[in-house]
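One structure is given below, encoded as structure tokens.
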Amino acid sequence: MAANVSSVSLSLNDRLYAGLVALLLGGFLVFGAGLANSSVLHDTAHDTRHSYGFPCH
């Protein structure tokens, strides 16, 4: 039985836009989160857990 596969054709502009967004997001993750002070990351994760209603104490 063959799988039904559909493909989406994206224009060059759409592919460039998606690549730029991925590059910016990756740069933020590496430089924004990767080089941040560890206490800042801990506090951010802690506040995020509380904002979702997840108890951590």
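For the structure tokens, the naming scheme is as follows: chains receive sequential letters (A, B, ...) according to their order of presentation, residues are indexed from 1 within each chain, and ligands are indexed from 1 in presentation order.
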
**Request:** Name the residues of chain A that come out as helix (DSSP H, G or I) in a backbone DSSP run; write them as number ranges by chain.
**Result:** A: 12-33, 38-51
